[in-house]
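start_30.cif, holding mmCIF, C-alpha atoms and all ligand atoms:
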```cif
data_target
#
loop_
_atom_site.label_atom_id
_atom_site.label_comp_id
_atom_site.auth_asym_id
_atom_site.auth_seq_id
_atom_site.Cartn_x
_atom_site.Cartn_y
_atom_site.Cartn_z
CA MET E 24 0.00 0.00 0.00
CA LYS E 25 1.31 3.46 -0.93
CA GLU E 26 0.20 6.65 0.78
CA LEU E 27 0.26 10.03 -0.91
CA GLN E 28 0.09 13.48 0.68
CA LEU E 29 -2.62 15.86 -0.55
CA GLU E 30 -2.83 19.24 1.19
CA GLY E 31 -1.90 17.70 4.53
CA ARG E 32 -4.20 14.69 4.12
CA THR E 33 -3.10 11.11 3.48
CA VAL E 34 -4.60 9.37 0.44
CA ARG E 35 -4.20 5.71 -0.44
CA ALA E 36 -2.87 5.40 -4.00
CA GLY E 37 -4.77 3.35 -6.58
CA THR E 38 -3.71 2.41 -10.09
CA VAL E 39 -0.90 4.39 -11.72
CA LEU E 40 -1.89 5.24 -15.30
CA ALA E 41 0.58 6.96 -17.57
CA LEU E 42 0.52 8.76 -20.88
CA GLY E 43 3.39 8.58 -23.33
CA ARG E 44 4.06 10.99 -26.22
CA ASN E 45 1.94 13.85 -24.85
CA TYR E 46 4.48 16.49 -25.92
CA ALA E 47 5.21 16.67 -29.66
CA ALA E 48 8.92 17.51 -29.23
CA HIS E 49 9.50 14.43 -27.05
CA ALA E 50 7.66 12.18 -29.52
CA ARG E 51 10.03 13.53 -32.22
CA GLU E 52 13.15 12.79 -30.16
CA MET E 53 11.90 9.20 -29.72
CA ASN E 54 11.10 8.87 -33.47
CA ALA E 55 7.54 8.07 -32.46
CA PRO E 56 4.24 9.45 -33.78
CA ALA E 57 2.87 12.39 -31.77
CA GLU E 58 -0.11 10.39 -30.65
CA PRO E 59 -0.51 9.66 -26.94
CA VAL E 60 -0.02 6.06 -25.81
CA VAL E 61 -1.22 4.67 -22.48
CA PHE E 62 0.51 2.31 -20.08
CA ILE E 63 0.21 1.27 -16.43
CA LYS E 64 2.82 1.17 -13.67
CA PRO E 65 2.12 -0.94 -10.59
CA THR E 66 1.13 1.03 -7.49
CA THR E 67 4.29 -0.34 -5.85
CA ALA E 68 6.36 1.70 -8.35
CA LEU E 69 5.36 4.87 -6.48
CA LEU E 70 8.03 6.46 -4.31
CA PRO E 71 6.28 9.28 -2.42
CA GLY E 72 8.78 11.91 -1.32
CA GLY E 73 11.57 10.37 -3.44
CA GLY E 74 14.78 8.77 -2.15
CA ALA E 75 16.89 5.78 -3.13
CA ILE E 76 15.83 3.36 -5.88
CA ALA E 77 17.26 -0.11 -6.54
CA TRP E 78 18.77 -0.46 -10.03
CA PRO E 79 16.24 -2.33 -12.24
CA GLU E 80 17.09 -5.98 -12.84
CA GLY E 81 18.38 -6.71 -16.35
CA SER E 82 18.80 -3.07 -17.43
CA GLN E 83 21.94 -1.09 -18.26
CA LEU E 84 20.25 2.15 -19.33
CA VAL E 85 17.78 4.08 -17.17
CA HIS E 86 16.29 7.37 -18.42
CA HIS E 87 14.63 10.18 -16.45
CA GLU E 88 11.27 11.59 -17.60
CA VAL E 89 9.96 14.54 -15.57
CA GLU E 90 6.15 14.69 -15.52
CA LEU E 91 3.24 16.50 -13.92
CA VAL E 92 1.26 13.93 -11.95
CA LEU E 93 -2.48 13.97 -11.18
CA LEU E 94 -4.34 12.47 -8.23
CA LEU E 95 -8.01 11.65 -8.76
CA GLY E 96 -10.57 12.50 -6.09
CA ALA E 97 -13.46 11.00 -8.04
CA GLY E 98 -13.82 8.22 -10.58
CA GLY E 99 -16.13 6.87 -13.23
CA VAL E 100 -16.24 5.73 -16.81
CA ARG E 101 -16.76 7.74 -20.00
CA LEU E 102 -16.34 11.09 -18.25
CA GLU E 103 -16.89 14.27 -20.25
CA PRO E 104 -13.92 16.67 -20.10
CA ASP E 105 -15.76 18.94 -17.61
CA ALA E 106 -16.42 16.10 -15.18
CA ALA E 107 -12.96 14.68 -15.81
CA GLY E 108 -11.42 18.03 -14.89
CA ARG E 109 -13.42 18.19 -11.67
CA ALA E 110 -12.27 14.64 -10.81
CA ILE E 111 -8.68 15.91 -10.47
CA ALA E 112 -8.08 16.54 -6.75
CA GLY E 113 -4.33 17.06 -6.75
CA VAL E 114 -1.24 17.69 -8.83
CA ALA E 115 2.37 16.82 -8.06
CA ILE E 116 5.73 16.67 -9.80
CA GLY E 117 7.17 13.23 -10.48
CA ILE E 118 9.65 11.19 -12.49
CA ASP E 119 8.64 8.32 -14.80
CA LEU E 120 11.88 6.35 -14.63
CA THR E 121 12.28 4.10 -17.64
CA ALA E 122 14.67 1.22 -18.32
CA ARG E 123 15.14 2.44 -21.90
CA ASP E 124 17.03 -0.64 -23.12
CA LEU E 125 14.27 -2.96 -21.88
CA GLN E 126 11.66 -0.67 -23.44
CA SER E 127 13.47 -0.71 -26.82
CA GLN E 128 13.67 -4.52 -26.72
CA ALA E 129 9.96 -4.71 -25.86
CA LYS E 130 9.02 -2.33 -28.69
CA LYS E 131 10.98 -4.46 -31.20
CA ALA E 132 9.39 -7.66 -29.92
CA GLY E 133 5.87 -6.15 -29.79
CA ALA E 134 5.90 -6.99 -26.07
CA PRO E 135 4.46 -4.94 -23.18
CA TRP E 136 6.56 -2.21 -21.51
CA ALA E 137 5.80 -3.51 -18.01
CA ARG E 138 9.37 -4.40 -17.00
CA ALA E 139 10.77 -1.18 -18.46
CA LYS E 140 8.28 1.05 -16.65
CA GLY E 141 7.18 -0.81 -13.55
CA PHE E 142 10.21 -1.57 -11.40
CA PRO E 143 10.06 -0.64 -7.67
CA GLY E 144 10.67 3.07 -7.10
CA SER E 145 10.29 3.94 -10.79
CA ALA E 146 7.69 6.60 -9.94
CA PRO E 147 9.02 9.15 -7.41
CA VAL E 148 6.37 11.79 -6.65
CA SER E 149 6.24 14.95 -4.54
CA ARG E 150 3.34 15.93 -2.28
CA PHE E 151 0.14 16.85 -4.11
CA VAL E 152 -1.56 20.26 -4.05
CA ALA E 153 -5.16 21.11 -4.95
CA PRO E 154 -5.75 22.51 -8.47
CA GLU E 155 -7.78 25.37 -6.96
CA ARG E 156 -4.38 26.87 -6.09
CA PHE E 157 -3.88 27.74 -9.76
CA ASP E 158 -7.57 28.07 -10.71
CA ARG E 159 -7.22 24.86 -12.77
CA ASP E 160 -5.32 26.97 -15.29
CA TRP E 161 -3.17 24.01 -16.37
CA ALA E 162 -1.21 25.92 -19.01
CA ARG E 163 0.46 27.94 -16.23
CA LEU E 164 2.30 24.89 -14.85
CA ASP E 165 5.99 24.48 -15.63
CA LEU E 166 8.17 21.43 -15.01
CA ASP E 167 11.90 20.82 -15.03
CA LEU E 168 14.53 18.27 -14.06
CA THR E 169 18.19 18.60 -13.14
CA VAL E 170 20.81 15.87 -12.70
CA ASP E 171 23.51 16.77 -10.16
CA GLY E 172 22.37 20.36 -10.57
CA ALA E 173 22.71 20.46 -14.38
CA PRO E 174 19.52 21.29 -16.35
CA ARG E 175 18.26 18.33 -18.42
CA GLN E 176 14.55 18.91 -19.06
CA GLN E 177 12.39 21.99 -19.03
CA GLY E 178 8.80 22.31 -20.21
CA SER E 179 5.36 23.73 -19.78
CA ALA E 180 1.95 22.10 -19.54
CA ALA E 181 0.97 24.58 -22.26
CA SER E 182 2.84 22.30 -24.70
CA MET E 183 0.83 19.17 -23.85
CA LEU E 184 -1.04 17.62 -26.76
CA LEU E 185 -3.85 16.64 -24.34
CA ASP E 186 -4.38 18.79 -21.23
CA PRO E 187 -5.12 17.07 -17.89
CA PRO E 188 -8.95 17.11 -18.14
CA ARG E 189 -8.74 15.61 -21.64
CA ILE E 190 -6.22 13.01 -20.43
CA VAL E 191 -8.58 11.88 -17.65
CA ALA E 192 -11.55 11.87 -20.05
CA LEU E 193 -9.57 9.71 -22.50
CA LEU E 194 -8.43 7.26 -19.80
CA SER E 195 -12.02 6.92 -18.54
CA ARG E 196 -13.07 5.60 -21.94
CA TRP E 197 -10.72 2.63 -21.54
CA PHE E 198 -10.50 2.12 -17.77
CA GLU E 199 -12.81 2.49 -14.80
CA LEU E 200 -11.20 5.21 -12.70
CA VAL E 201 -11.55 5.40 -8.92
CA PRO E 202 -10.52 7.95 -6.26
CA GLY E 203 -6.82 7.57 -5.47
CA ASP E 204 -5.81 6.74 -9.03
CA VAL E 205 -2.64 8.49 -10.14
CA VAL E 206 -1.95 9.77 -13.67
CA PHE E 207 1.47 10.56 -15.16
CA THR E 208 0.84 13.06 -17.95
CA GLY E 209 3.86 12.59 -20.24
CA THR E 210 7.30 14.16 -20.48
CA PRO E 211 8.72 17.08 -22.46
CA GLU E 212 11.86 16.67 -24.57
CA GLY E 213 15.31 16.20 -23.07
CA VAL E 214 14.98 12.69 -21.60
CA GLY E 215 18.33 11.04 -21.04
CA PRO E 216 20.39 8.55 -19.03
CA VAL E 217 21.01 8.74 -15.31
CA ARG E 218 23.88 6.90 -13.66
CA PRO E 219 23.94 5.30 -10.21
CA GLY E 220 24.33 7.88 -7.46
CA GLN E 221 23.45 10.89 -9.62
CA ARG E 222 20.93 13.14 -7.94
CA MET E 223 17.77 13.78 -9.95
CA ARG E 224 15.65 16.73 -8.90
CA ALA E 225 12.24 17.25 -10.51
CA ALA E 226 10.42 20.51 -9.82
CA CYS E 227 7.34 22.54 -10.64
CA ARG E 228 8.28 26.12 -9.81
CA THR E 229 4.75 27.44 -10.33
CA LEU E 230 3.55 25.30 -7.44
CA ASP E 231 6.79 25.23 -5.41
CA LEU E 232 6.93 21.41 -5.64
CA ALA E 233 10.04 19.25 -5.91
CA VAL E 234 11.14 15.65 -5.47
CA GLU E 235 14.66 14.18 -5.42
CA ALA E 236 15.73 10.62 -6.16
CA HIS E 237 18.81 8.58 -7.05
CA LEU E 238 19.51 5.05 -8.25
CA ALA E 239 21.65 2.59 -6.32
CA PRO E 240 24.45 0.82 -8.25
CA PRO E 241 23.50 -2.37 -10.15
CA PRO E 242 23.80 -5.48 -7.93
ZN ZN O 1 6.72 9.07 -19.26
#
```

Represent the structure of the file as C-alpha cells.
Ligand code: ZN
Amino acid sequence: MKELQLEGRTVRAGTVLALGRNYAAHAREMNAPAEPVVFIKPTTALLPGGGAIAWPEGSQLVHHEVELVLLLGAGGVRLEPDAAGRAIAGVAIGIDLTARDLQSQAKKAGAPWARAKGFPGSAPVSRFVAPERFDRDWARLDLDLTVDGAPRQQGSAASMLLDPPRIVALLSRWFELVPGDVVFTGTPEGVGPVRPGQRMRAACRTLDLAVEAHLAPPP
C-alpha cells in the first residue's frame, strides 16, 4: 500500500496510469508518432517523497522523464472533459523512470513495456496540491529536471497535446477510474540517461513542488 500526501491529508494510491508521447517535441526525439499512448505502472512503483531506488534488474540504461502527476478525487467511466477536470483533486511533480534498453527490446518484440516502466521506485512523486491553487489553469504549470544540478529537461503544460482534463476523459473511456488513481501526464523533450548515485531533482516552480531521487548501483 502506498500513501500520498494531498494538502496535509493522506490518500491511499490506486492504479498508476501513464501517458506517453503527450508532448510533440519528445515524440520527435523518440522517433515516435505524436499520438498519446497509455501504459500502467504498478502502485508499488510509487516512491512518495523520493529517495533511493534499486537499479532495475536486467537493465543497463535508465532514463529520467519529468512529468506532472495527477491524483483523482473521483472516478467513473466515459467522463466528459468537464467532469474529468473536476475529478482531479491534486497535482504533483514526479519522475517516470524508464529502463530504456528494456523498453526498446519490448518495442521491437511487440511486447508490453511492463518491465521497463514498472520496477520498484520507478515513480518518485512529490506531495500533491489542490488545483484550486492555480484556478485549474493548467497551461500555467511548468516542469523541469536537473541531474547533479545540471539542467536536463524543461517544459510547460501549455505544450501538452492533451491537457489534464482531456487526459482523464480519455483514460475513462478505456478504464474504470476510482478515487486515489494516479496519472502521469507525459514528459517534455530532453529525456536522457542517469547513472547510479546521480541526484535527480524534478520541480514545478509554479507550485513550489520538488522531489529528489537517485539510483543505487547495479547489484
Ligand atoms: Zn513518461

Expected selection as a PDB file with C-alpha atoms, in the coordinates of the input for ligand ZN 1 (chain O) within 7 Å, all atoms listed in the file:
```pdb
ATOM      1  CA  ALA E  41       0.580   6.960 -17.570  1.00  0.00           C
ATOM      2  CA  LEU E  42       0.520   8.760 -20.880  1.00  0.00           C
ATOM      3  CA  GLY E  43       3.390   8.580 -23.330  1.00  0.00           C
ATOM      4  CA  GLU E  88      11.270  11.590 -17.600  1.00  0.00           C
ATOM      5  CA  GLU E  90       6.150  14.690 -15.520  1.00  0.00           C
ATOM      6  CA  ASP E 119       8.640   8.320 -14.800  1.00  0.00           C
ATOM      7  CA  PHE E 207       1.470  10.560 -15.160  1.00  0.00           C
ATOM      8  CA  GLY E 209       3.860  12.590 -20.240  1.00  0.00           C
ATOM      9  CA  THR E 210       7.300  14.160 -20.480  1.00  0.00           C
TER      10      THR E 210
END
```

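Using all atoms listed in the file for every distance, the candidate list E:Val205, E:Val148, E:Leu164, E:Val217 yields E:Val205 as the residue closest to Val39 in chain E.
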
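Using all atoms listed in the file, the shortest contact distance between Gly37 in chain E and any of E:Val114, E:Leu230, E:Leu93, E:Val61 is found at E:Leu93.
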
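You can rank E:Val170, E:Ile111, E:Ile118, E:Leu125 by their closest distance to Gln83 in chain E using all atoms listed in the file, and at the top of that list sits E:Leu125.
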
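CA of Gly178 in chain E lies 9.4 Å from CA of Gly213 in chain E.
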
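Pairwise distance (CA of His87 in chain E, CA of Pro216 in chain E) equals 6.5 Å.
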
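Compared by their closest atoms to Gly73 in chain E, and using all atoms listed in the file, the residues E:Gly144, E:Pro211, E:Gly98, E:Pro174 rank with E:Gly144 nearest.
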
Residues at most 12 Å from Pro219 in chain E, counting all atoms listed in the file, excluding those fewer than 5 positions away in the same chain, as a PDB file with C-alpha atoms, keeping the file's coordinate frame?
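That gives us result-v2.pdb:
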```pdb
ATOM      1  CA  ALA E  75      16.890   5.780  -3.130  1.00  0.00           C
ATOM      2  CA  ILE E  76      15.830   3.360  -5.880  1.00  0.00           C
ATOM      3  CA  ALA E  77      17.260  -0.110  -6.540  1.00  0.00           C
ATOM      4  CA  TRP E  78      18.770  -0.460 -10.030  1.00  0.00           C
ATOM      5  CA  PRO E  79      16.240  -2.330 -12.240  1.00  0.00           C
ATOM      6  CA  GLN E  83      21.940  -1.090 -18.260  1.00  0.00           C
ATOM      7  CA  LEU E  84      20.250   2.150 -19.330  1.00  0.00           C
ATOM      8  CA  VAL E  85      17.780   4.080 -17.170  1.00  0.00           C
ATOM      9  CA  HIS E  86      16.290   7.370 -18.420  1.00  0.00           C
ATOM     10  CA  VAL E 170      20.810  15.870 -12.700  1.00  0.00           C
ATOM     11  CA  ASP E 171      23.510  16.770 -10.160  1.00  0.00           C
ATOM     12  CA  ALA E 236      15.730  10.620  -6.160  1.00  0.00           C
ATOM     13  CA  HIS E 237      18.810   8.580  -7.050  1.00  0.00           C
ATOM     14  CA  LEU E 238      19.510   5.050  -8.250  1.00  0.00           C
ATOM     15  CA  ALA E 239      21.650   2.590  -6.320  1.00  0.00           C
ATOM     16  CA  PRO E 240      24.450   0.820  -8.250  1.00  0.00           C
ATOM     17  CA  PRO E 241      23.500  -2.370 -10.150  1.00  0.00           C
ATOM     18  CA  PRO E 242      23.800  -5.480  -7.930  1.00  0.00           C
TER      19      PRO E 242
END
```

Neighbour list for Glu52 in chain E as a PyMOL selection string, cut-off 12 Å, all atoms listed in the file, skip fewer than 2 positions in-chain:
chain E and resi 44+46-50+54-57+210-215

Residues of range 75-152 of chain E that approach range 185-196 of chain E to 8 Å or less, counting all atoms listed in the file: could you list each one with the shortest pair of atoms and its distance in Å to one decimal, rows by chain and increasing residue number, as a Markdown table?
```
| residue | atom | partner | partner_atom | distance |
| --- | --- | --- | --- | --- |
| E:Leu93 | CA | E:Pro187 | CA | 7.8 |
| E:Gly99 | CA | E:Ser195 | CA | 6.7 |
| E:Val100 | CA | E:Ser195 | CA | 4.7 |
| E:Arg101 | CA | E:Arg196 | CA | 4.7 |
| E:Leu102 | CA | E:Ala192 | CA | 5.2 |
| E:Glu103 | CA | E:Ala192 | CA | 5.9 |
| E:Pro104 | CA | E:Ala192 | CA | 5.4 |
| E:Asp105 | CA | E:Pro188 | CA | 7.1 |
| E:Ala107 | CA | E:Pro188 | CA | 5.2 |
| E:Gly108 | CA | E:Pro188 | CA | 4.2 |
| E:Arg109 | CA | E:Pro188 | CA | 7.9 |
| E:Ile111 | CA | E:Pro188 | CA | 7.8 |
```

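One distance worth recording is that between CA of Ala139 in chain E and CA of Asp124 in chain E, which is 7.8 Å.
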
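Distance check against Val234 in chain E using all atoms listed in the file: of E:Gly203, E:Gly141, E:Pro147, E:Pro65, the minimum falls on E:Pro147.
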
Could you check which of E:Leu69, E:Ala110, E:Leu120, E:Leu29 is closest to Ala225 in chain E, using only C-alpha atoms?
E:Leu120

Find the residues with any atom within 12 Å of (13.5, -5.3, -19.8); use all atoms listed in the file and the coordinates as given in the file, and write the answer as a PyMOL selection string.
chain E and resi 79-85+121-132+134-142

Nearby residues (only C-alpha atoms) at most 10 Å from Glu26 in chain E, same-chain spacing under 4 positions excluded, as JSON, numbers by chain
{"E": [32, 33, 34, 35, 36, 37, 69, 70, 71, 203]}
